[in-house]
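> Structure file run_23.txt, compact mmCIF, C-alpha atoms, is pasted below:
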```txt
# COMPACT_ATOMS: atom_id res chain seq x y z
CA MET P 3 16.11 -1.17 1.55
CA LEU P 4 18.58 0.61 -0.65
CA LYS P 5 17.16 1.83 -3.93
CA ASP P 6 19.61 4.50 -5.15
CA ASP P 7 22.75 2.97 -6.66
CA SER P 8 24.95 5.89 -5.60
CA HIS P 9 23.69 5.48 -2.05
CA SER P 10 24.26 1.72 -2.25
CA ASN P 11 27.89 2.22 -3.21
CA ARG P 12 28.47 4.57 -0.28
CA PHE P 13 26.76 2.08 2.02
CA PHE P 14 29.29 -0.65 1.25
CA ASP P 15 32.23 1.76 1.47
CA ARG P 16 32.00 1.61 5.25
CA PRO P 17 34.28 -1.14 6.70
CA GLU P 18 31.61 -2.45 9.10
CA GLU P 19 29.19 -2.97 6.20
CA ARG P 20 31.81 -4.80 4.10
CA MET P 21 32.31 -7.15 7.04
CA ASN P 22 28.55 -7.73 7.26
CA LEU P 23 28.44 -8.50 3.53
CA ALA P 24 31.37 -10.92 3.84
CA GLY P 25 29.78 -12.52 6.89
CA PHE P 26 26.50 -12.88 5.07
CA THR P 27 28.16 -14.47 2.04
CA SER P 28 29.84 -16.95 4.36
CA LEU P 29 26.58 -17.52 6.21
CA LEU P 30 24.65 -18.34 3.04
CA SER P 31 27.21 -20.94 1.99
CA ALA P 32 26.94 -22.67 5.38
CA GLY P 33 24.19 -24.90 6.63
CA GLU P 34 22.25 -27.65 4.98
CA LYS P 35 21.06 -27.36 1.38
CA THR P 36 17.32 -27.87 1.32
CA SER P 37 14.59 -27.95 -1.29
CA GLY P 38 11.75 -25.46 -1.38
CA CYS P 39 8.86 -25.18 -3.83
CA GLN P 40 9.63 -26.68 -7.24
CA LEU P 41 6.37 -25.49 -8.85
CA ALA P 42 6.00 -22.82 -11.52
CA ASN P 43 5.23 -19.39 -10.08
CA PRO P 44 1.45 -19.46 -10.79
CA ASP P 45 1.18 -22.91 -9.18
CA ALA P 46 3.19 -21.73 -6.17
CA VAL P 47 0.76 -18.82 -5.74
CA ALA P 48 -2.14 -21.30 -5.96
CA LEU P 49 -0.48 -23.47 -3.27
CA ALA P 50 -0.14 -20.48 -0.93
CA ASN P 51 -3.75 -19.44 -1.57
CA LEU P 52 -5.00 -23.00 -1.03
CA HIS P 53 -3.43 -23.32 2.41
CA PHE P 54 -3.64 -19.65 3.46
CA PRO P 55 -6.63 -18.09 1.66
CA SER P 56 -6.84 -14.29 1.70
CA ARG P 57 -3.32 -13.91 3.14
CA ALA P 58 -0.59 -11.80 1.57
CA TYR P 59 2.12 -13.88 -0.08
CA CYS P 60 5.65 -13.31 -1.32
CA LEU P 61 7.55 -15.67 -3.62
CA VAL P 62 11.30 -15.59 -2.94
CA ALA P 63 14.45 -17.29 -4.28
CA ASP P 64 18.06 -17.52 -3.11
CA TRP P 65 16.87 -17.93 0.46
CA ALA P 66 18.09 -19.17 3.80
CA ILE P 67 16.05 -20.21 6.82
CA LEU P 68 17.88 -18.99 9.90
CA ASP P 69 17.06 -20.99 13.03
CA ILE P 70 17.98 -18.55 15.77
CA GLU P 71 19.84 -19.77 18.83
CA VAL P 72 18.15 -18.27 21.88
CA THR P 73 18.29 -18.70 25.63
CA THR P 74 15.57 -20.61 27.46
CA ARG P 75 14.09 -17.31 28.65
CA GLN P 76 14.12 -15.84 25.12
CA ARG P 77 12.55 -19.01 23.69
CA LYS P 78 9.72 -18.82 26.22
CA ALA P 79 9.09 -15.14 25.42
CA ILE P 80 9.01 -15.95 21.69
CA THR P 81 6.79 -19.03 21.95
CA ASP P 82 4.43 -17.26 24.38
CA ARG P 83 3.72 -14.86 21.50
CA GLY P 84 2.90 -17.79 19.21
CA LEU P 85 6.16 -17.46 17.29
CA ILE P 86 9.08 -19.71 16.37
CA PRO P 87 12.70 -18.45 16.66
CA ALA P 88 13.37 -18.63 12.92
CA LEU P 89 13.33 -16.17 10.04
CA VAL P 90 14.04 -16.17 6.32
CA TYR P 91 16.53 -14.00 4.49
CA ALA P 92 16.05 -14.04 0.72
CA LEU P 93 18.24 -12.32 -1.84
CA THR P 94 15.56 -12.31 -4.55
CA VAL P 95 11.91 -11.33 -4.37
CA ILE P 96 10.04 -12.89 -7.29
CA GLU P 97 6.53 -11.59 -6.60
CA ASP P 98 4.83 -9.86 -3.68
CA SER P 99 1.02 -9.87 -3.67
CA LYS P 100 0.82 -6.49 -1.91
CA GLY P 101 3.60 -4.81 -3.90
CA ARG P 102 5.64 -4.10 -0.77
CA PHE P 103 8.84 -5.62 -2.15
CA PRO P 104 9.72 -5.04 -5.82
CA PRO P 105 10.89 -8.02 -7.91
CA GLY P 106 14.64 -8.49 -7.61
CA ASP P 107 14.83 -6.87 -4.18
CA TRP P 108 15.82 -8.70 -0.98
CA VAL P 109 13.74 -9.38 2.12
CA ARG P 110 14.28 -10.45 5.72
CA THR P 111 11.16 -11.75 7.42
CA THR P 112 9.97 -11.34 10.95
CA LEU P 113 9.87 -14.43 13.18
CA ALA P 114 7.92 -17.45 11.97
CA VAL P 115 4.46 -18.56 12.99
CA SER P 116 4.73 -21.83 11.06
CA PHE P 117 6.68 -23.63 8.36
CA THR P 118 4.65 -26.14 6.36
CA HIS P 119 4.79 -28.16 3.13
CA GLY P 120 8.56 -27.68 3.00
CA CYS P 121 8.17 -24.25 1.40
CA LEU P 122 5.46 -22.14 3.10
CA PHE P 123 7.04 -19.92 5.74
CA GLU P 124 4.29 -18.09 7.62
CA THR P 125 4.82 -14.87 9.55
CA LYS P 126 2.09 -12.80 11.21
CA ASN P 127 1.58 -10.74 8.03
CA THR P 128 2.79 -12.81 5.08
CA ILE P 129 3.17 -16.29 3.62
CA TYR P 130 6.64 -16.56 2.08
CA VAL P 131 6.88 -19.23 -0.62
CA LEU P 132 10.48 -20.46 -0.70
CA MET P 133 11.16 -21.19 -4.36
CA GLY P 134 13.83 -23.58 -5.62
CA PHE P 135 16.70 -24.58 -3.37
CA GLY P 136 17.97 -22.74 -0.32
CA ARG P 137 19.80 -23.34 2.91
CA ARG P 138 18.85 -23.92 6.52
CA LEU P 139 21.25 -23.11 9.33
CA ARG P 140 21.54 -22.11 12.95
CA THR P 141 22.83 -18.68 13.88
CA ASP P 142 22.68 -16.27 16.76
CA LEU P 143 20.22 -13.40 17.00
CA ASP P 144 22.81 -10.65 16.48
CA ILE P 145 23.94 -12.10 13.15
CA ALA P 146 20.36 -12.68 11.99
CA LEU P 147 19.36 -9.11 12.82
CA SER P 148 22.47 -7.63 11.19
CA LEU P 149 21.33 -8.93 7.79
CA CYS P 150 19.60 -5.84 6.49
```
What does the file become when written as structure tokens?


Amino acid sequence: MLKDDSHSNRFFDRPEERMNLAGFTSLLSAGEKTSGCQLANPDAVALANLHFPSRAYCLVADWAILDIEVTTRQRKAITDRGLIPALVYALTVIEDSKGRFPPGDWVRTTLAVSFTHGCLFETKNTIYVLMGFGRRLRTDLDIALSLC
């Protein structure tokens, strides 16, 4: 994550990073618009705690669920580990229970374990509560991993 504004400006001065940013902007406008959690933040936290007690949570906005296109062999390797070939990229962290991601920062998750209640995206370490509206789309692994 980039914290220093002067460093951030240099980061996007490189042509390959400008292309990634343009590609990401295009990516986020693609796919199907979908609804996440419409609750107030305290109620969203309560929902996460109800279904996943004692787990770390992170409320996010401006998000996209990326369903990753994988080969049959890759899918088997992923599902054999109890995972789903999907991840979330969110432009805005609202609240992180462990303080790992400051409010206003961005986050890209690891692969999913489950996606329930239309807004609870579970990874091995965290329950991401997808707040408001977002997008869901298919993309390849290289594009998904380049979003950092």

> Could you jot down the atom CA of Ala114 of chain P to atom CA of Ile86 of chain P separation for me, Å, one decimal place?

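Distance between the two atoms: 5.1 Å.
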
> Hey, can you check how far atom CA of Arg102 of chain P sits from atom CA of Lys35 of chain P?

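Atom-to-atom, atom CA of Arg102 of chain P to atom CA of Lys35 of chain P, that is 28.0 Å.
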
> Compare P:Ser56, P:Gly33, P:Pro44, P:Val62 by their minimum atom-to-atom distance to Asp98 of chain P, counting all atoms listed in the file, and give me the closest one.

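Distance minimum relative to Asp98 of chain P lands on P:Val62.
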
> If we count all atoms listed in the file and set the cut-off at 8 Å, which residues sit around segment 135-138 of chain P, ignoring sequence neighbours fewer than 2 positions away in its own chain? Please answer as a VMD selection string.

chain P and resid 30 to 39 63 to 69 132 to 133 140

> For a test of reading the model, state the distance in Å between atom CA of Ala46 of chain P and atom CA of Gly106 of chain P, rounded to one decimal.

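Distance reported for this atom pair: 17.6 Å.
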
> Nearest residue to Arg57 of chain P out of P:Leu139, P:Asp82, P:Thr125, P:Ser116, using all atoms listed in the file?

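Counting all atoms listed in the file, the residue closest to Arg57 of chain P is P:Thr125.
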
> Measuring atom to atom with all atoms listed in the file, identify which of P:Ala48, P:Cys60, P:Leu85, P:Leu41 is nearest to Glu97 of chain P.

P:Cys60

> For Glu124 of chain P, work out the shell of residues within 12 Å, counting all atoms listed in the file and skipping chain neighbours fewer than 4 positions away, then give it as a PyMOL selection string.

chain P and resi 50+53-54+57-61+67+84-86+88-90+111-120+128-132

> Given the choices P:Val109, P:Ser99, P:Phe123, P:Pro87, which gets closest to Glu71 of chain P if the distance is worked out from all atoms listed in the file?

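Closest candidate: P:Pro87.
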
> Enclose the full set of atoms of segment 91-108 of chain P listed in the file within a box whose edges lie along x, y and z, apply 3 Å of padding to each of the six sides, and report centre and edge lengths in Å to one decimal as AutoDock Vina command-line options.


```
--center_x 9.5 --center_y -9.1 --center_z -1.7 --size_x 23.4 --size_y 15.9 --size_z 18.4
```
